[in-house]
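Working notes for the structure below.
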There are 4 protein chains.
Amino acid sequence: MRKAMLLRSFDAEWGKNRLEALSDGVFAIAMTVLIFNFKLPEDLKRTATANEVWNALGNLIPEFVGYILSFVILGAMWLGHHNVFHALRRTDRATIWLNIMYLAWVSMMPFTTSVYSAHMRTTPGVFVYSANVFLAGVSIMILWYKVRAKPDMLVESLTPQQKHSIGTRIWVMPLIALAGMAGSVIQPEFGMTAMSLIPIAYAAVSRVQARRAAKLAPPDEAA
Amino acid sequence: MRKAMLLRSFDAEWGKNRLEALSDGVFAIAMTVLIFNFKLPEDLKRTATANEVWNALGNLIPEFVGYILSFVILGAMWLGHHNVFHALRRTDRATIWLNIMYLAWVSMMPFTTSVYSAHMRTTPGVFVYSANVFLAGVSIMILWYKVRAKPDMLVESLTPQQKHSIGTRIWVMPLIALAGMAGSVIQPEFGMTAMSLIPIAYAAVSRVQARRAAKLAPPDEAA
Amino acid sequence: MRKAMLLRSFDAEWGKNRLEALSDGVFAIAMTVLIFNFKLPEDLKRTATANEVWNALGNLIPEFVGYILSFVILGAMWLGHHNVFHALRRTDRATIWLNIMYLAWVSMMPFTTSVYSAHMRTTPGVFVYSANVFLAGVSIMILWYKVRAKPDMLVESLTPQQKHSIGTRIWVMPLIALAGMAGSVIQPEFGMTAMSLIPIAYAAVSRVQARRAAKLAPPDEAA
Amino acid sequence: MRKAMLLRSFDAEWGKNRLEALSDGVFAIAMTVLIFNFKLPEDLKRTATANEVWNALGNLIPEFVGYILSFVILGAMWLGHHNVFHALRRTDRATIWLNIMYLAWVSMMPFTTSVYSAHMRTTPGVFVYSANVFLAGVSIMILWYKVRAKPDMLVESLTPQQKHSIGTRIWVMPLIALAGMAGSVIQPEFGMTAMSLIPIAYAAVSRVQARRAAKLAPPDEAA
């Protein structure tokens with residue numbers, strides 16, 4: 001223990017506040033710039049008729065689908081990051097770097113979303129999007145297993161149940177994204193379907209975990 | 001009560017700080033990128049005369065109108081979010097997801113503002129803008145009614161008056177935006193007028209609420 | 001006093017943290033998107049020679065001038081905002097709205113900077129830029145005089161000297177910007193010169209204030 | 001000491017929270033807008049075949065290289081800033097201005113990254129990028145030496161070892177960037193190689209510092 005402290009002693013003791021602030025900033029921006037994929041065609045004049053404007057808006061439906069899907073996926077990523085960091089007591093150099101790599105994938109989402117929206121009927125459109133989600137998911141997973149291996153990095157109040165909950169949830173996104181990558185190679189629609197399952201899968205996991213927790217509650221407290 | 005705690009026990013206990021940070025980030029970005037709708041025409045050369053530059057700037061007046069209106073509406077949304085979260089003691093998974101959906105509508109505002117600015121004389125230009133404000137307003141309203149139903153989610157110091165104030169204000173924006181949507185179908189100008197009333201309506205509500213509070217004050221304290 | 005509390009009672013008691021967070025976000029974004037005014041010409045191919053790239057970069061010198069000037073002005077604005085909010089004990093609805101209006105001018109800076117960079121040899125190029133700085137400066141000044149009039153909004157530890165320092169500094173930017181607007185009408189270069197004086201003027205004020213403070217120090221402590 | 005306090009007395013006492021928030025915001029945005037350098041060609045239609053989309057994505061490999069490199073460099077800058085500010089007890093006007101100048105270079109990175117990605121085979125492409133990193137590195141170095149000279153600005157718990165660690169690390173980036181600038185003049189590839197060494201150099205410094213700290217640990221604690 002004392003050696004660990006000495007090893008760490010050449011660094012200032014790091015809290016997690018600023019890393020959370022940086023991450024929240026990157027998530028907020030990645031979410032907000034998704035909207036930049038919405039553009040009315042440049043040849044749509046100000047004097048355009050109502051019908052022309054409706055048509056131009058209608059052509060953005062694939063962008064809207066991508067926007068909502070990516071917002072939900074980024075939301076799920078943010079929630080996962082929130083969960084992991086809630087369990088952390090402090091950060092170290094390795095955690096910070098893994099987190100930065102994770103953010104590099106997060107902030108790539110607006111680009112891959114635009115590829116997905118414009119080319120969701122082709123393998124590359126779906127593959128690149130799924131691969132991006134997969135790489136982000138794997139990065140945070142590595143981060144989690146790294147910190148889980150060092151008990152002094154976790155808050156003391158963390159219950160085994162909470163640890164288990166994080167450990168389960170962290171597998172959902174990369175696994176489905178891997179299915180999305182594989183599916184997109186066979187048929188783009190397979191990949192698309194897989195990716196759309198991410199929100200549903202998280203809702204299902206939440207329900208199962210809530211039910212399991214409810215079973216542990218004494219019967220007279222039910223309802 | 002104990003059951004609720006067990007049900008919650010698979011999650012780390014969530015504060016509201018990071019959700020507020022994420023939301024503030026999205027609001028700040030949505031407000032700031034509104035300016036991207038201002039663009040001088042690409043064929044305006046650096047050697048343009050003063051008159052040509054004045055003309056180009058003059059053509060941006062509709063963008064300026066949309067910019068100020070959206071800044072005020074986003075300001076009112078942010079203030080409403082601030083109010084609701086000020087009343088919250090903690091967040092849970094449902095609140096977080098409702099908040100993320102809310103942010104999806106907030107961050108769509110720069111796009112619908114650009115549609116509004118360029119096509120405010122057509123039904124779709126006003127309708128899409130009003131619909132965006134409406135959907136954002138409805139999302140935060142659902143969030144509020146959800147948390148209001150769980151007394152343990154609210155801070156104890158919240159007075160019935162404050163609760164009532166939030167509950168009144170939260171209806172103003174979606175109702176007017178609904179009028180904006182309906183109005184835009186009949187005549188775009190009707191919708192535009194409705195939307196311009198949002199800041200005025202909030203000012204009026206504030207005044208009424210302040211007056212009512214003043215009446216409750218003993219007369220010897222007046223002035 | 002009791003009446004003021006009752007008048008306020010329909011609002012949750014507002015801190016200043018979230019308003020500061022929103023403002024810091026808007027400042028950070030306004031500063032960062034200034035860079036979007038830097039663009040290599042679209043017809044510059046990847047196979048361009050070193051000379052062609054150097055030329056393209058050289059053509060961006062006006063953008064660089066505008067970038068540095070606006071970064072410094074935004075920095076001075078942020079510092080002013082920091083000072084004012086440091087003196088605040090709490091916020092109210094009026095302060096929040098004045099602050100939002102202030103942010104609307106702050107976030108317009110990247111656009112007016114682009115106009116300034118491209119057309120600094122014309123009246124409108126300099127006028128629009130100066131007007132933007134002027135309106136931002138006036139907004140924060142109104143905010144300051146509003147809160148100064150309500151002693152319970154200021155922190156108790158605020159010394160008269162600090163109050164005086166804020167009150168002096170808050171006049172510098174709008175006055176010079178007004179000179180910039182007037183100058184630009186006569187001759188664009190006059191306006192440009194005025195605007196470039198903003199950083200110098202603040203440095204001078206700081207020096208004078210520091211000297212005055214030093215005079216008050218007992219001689220045996222000098223050096 | 002008393003004079004220093006008087007000299008400072010015309011300013012409100014400044015914490016470092018808001019300056020950190022502003023800096024985190026600028027870093028988060030600079031990191032996220034790096035992605036704007038990724039663009040599919042405008043003539044790539046929605047009906048493009050899978051092969052056409054793969055080709056378009058393949059053409060972005062130089063952008064990807066620049067993206068990852070800049071993300072890592074910005075990460076190292078952020079970590080350096082984090083370290084320096086962790087050692088600070090308070091800020092003053094000079095620190096704030098040096099920090100703002102530093103941010104001006106940080107937020108220029110997305111532009112110079114785009115120049116680097118598109119023209120990394122020419123001297124200006126590599127030179128401009130290296131110069132940007134160099135100027136950022138020098139700015140934070142000046143900031144560090146300024147605050148190091150005023151012991152009352154540093155936290156009391158700062159050990160000489162930590163001070164030494166920051167002082168060593170702060171030299172790595174500007175020195176390598178200087179080599180990148182020099183190298184790019186001789187041969188662009190030399191500059192590119194130098195810049196790619198930045199992450200490796202930091203990893204090496206960390207390893208050396210960790211080893212030295214380990215040597216100081218008593219042998220019975222090793223392993």
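Each chain in the structure tokens gets a letter, A, B, ..., in the order shown, and its residues are numbered from 1; ligands are numbered from 1 in order too.
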Closest pair table for chain B residues within 6 Å of chain C, only C-alpha atoms, as a tab-separated table:
```
residue	atom	partner	partner_atom	distance
B:Asp24	CA	C:Leu22	CA	5.4
B:Ala28	CA	C:Val26	CA	5.0
B:Thr32	CA	C:Ser107	CA	5.2
B:Arg46	CA	C:Ala118	CA	5.6
B:Ala50	CA	C:Thr122	CA	5.3
B:Gln161	CA	C:Phe10	CA	5.4
B:Gln162	CA	C:Phe10	CA	4.6
B:Ser165	CA	C:Phe10	CA	5.9
B:Ala210	CA	C:Leu7	CA	5.5
B:Ala213	CA	C:Leu7	CA	5.1
B:Ala214	CA	C:Leu7	CA	5.7
B:Ala217	CA	C:Lys3	CA	5.7
```
Query - 10 Å contact set for Phe64 (chain A), only C-alpha atoms, chain neighbours under 4 positions out, as a list in words - result: Leu34, Ile35, Asn37, Phe38, Leu57, Gly58, Asn59, Leu60, Ile68, Leu69, Ser70 and Ser117 of chain A
Report task. Between CA of Trp171 (chain B) and CA of Val138 (chain B), measure the distance and give it in Å to one decimal. Result -> 8.4 Å
**Report entry** Exercise: Tyr116 (chain D) partners within 7 Å, only C-alpha atoms, chain neighbours under 6 positions left out, as number ranges by chain
**Finding:** D: 66, 125-126, 129
Report task. Between CA of Gly183 (chain B) and CA of Ile198 (chain B), measure the distance and give it in Å to one decimal. Result -> 14.2 Å
Query raised in the report: From the list B:Ser184, B:Thr193, B:Thr91, B:Gln209, which residue is nearest Thr168 (chain B) when using only C-alpha atoms?
Result: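 Residue with the minimum atom-to-atom distance to Thr168 (chain B): B:Gln209.
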Report task. Can you pull out every residue within 10 Å of Pro151 (chain B), counting only C-alpha atoms, but drop anything in the same chain fewer than 4 positions away, and send it as a list of chain:residue names? Result ->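 Non-adjacent residues within range: B:Leu88, B:Arg89, B:Val147, B:Val155, B:Glu156.
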Would you put the residues from that selection into a file with C-alpha atoms, as a short mmCIF file (atom, residue, chain, number, x, y, z; two decimals), in the first residue's frame?
```
data_model
loop_
_atom_site.label_atom_id
_atom_site.label_comp_id
_atom_site.auth_asym_id
_atom_site.auth_seq_id
_atom_site.Cartn_x
_atom_site.Cartn_y
_atom_site.Cartn_z
CA LEU B 88 -35.65 17.80 -7.31
CA ARG B 89 -33.82 16.04 -4.54
CA VAL B 147 -41.46 13.53 -10.22
CA VAL B 155 -36.69 18.63 -1.85
CA GLU B 156 -38.39 18.97 1.52
#
```
Report task. Kindly give the distance, in Å, that separates CA of Leu158 (chain D) and CA of Phe85 (chain D), rounded to a single decimal. Result -> 11.6 Å
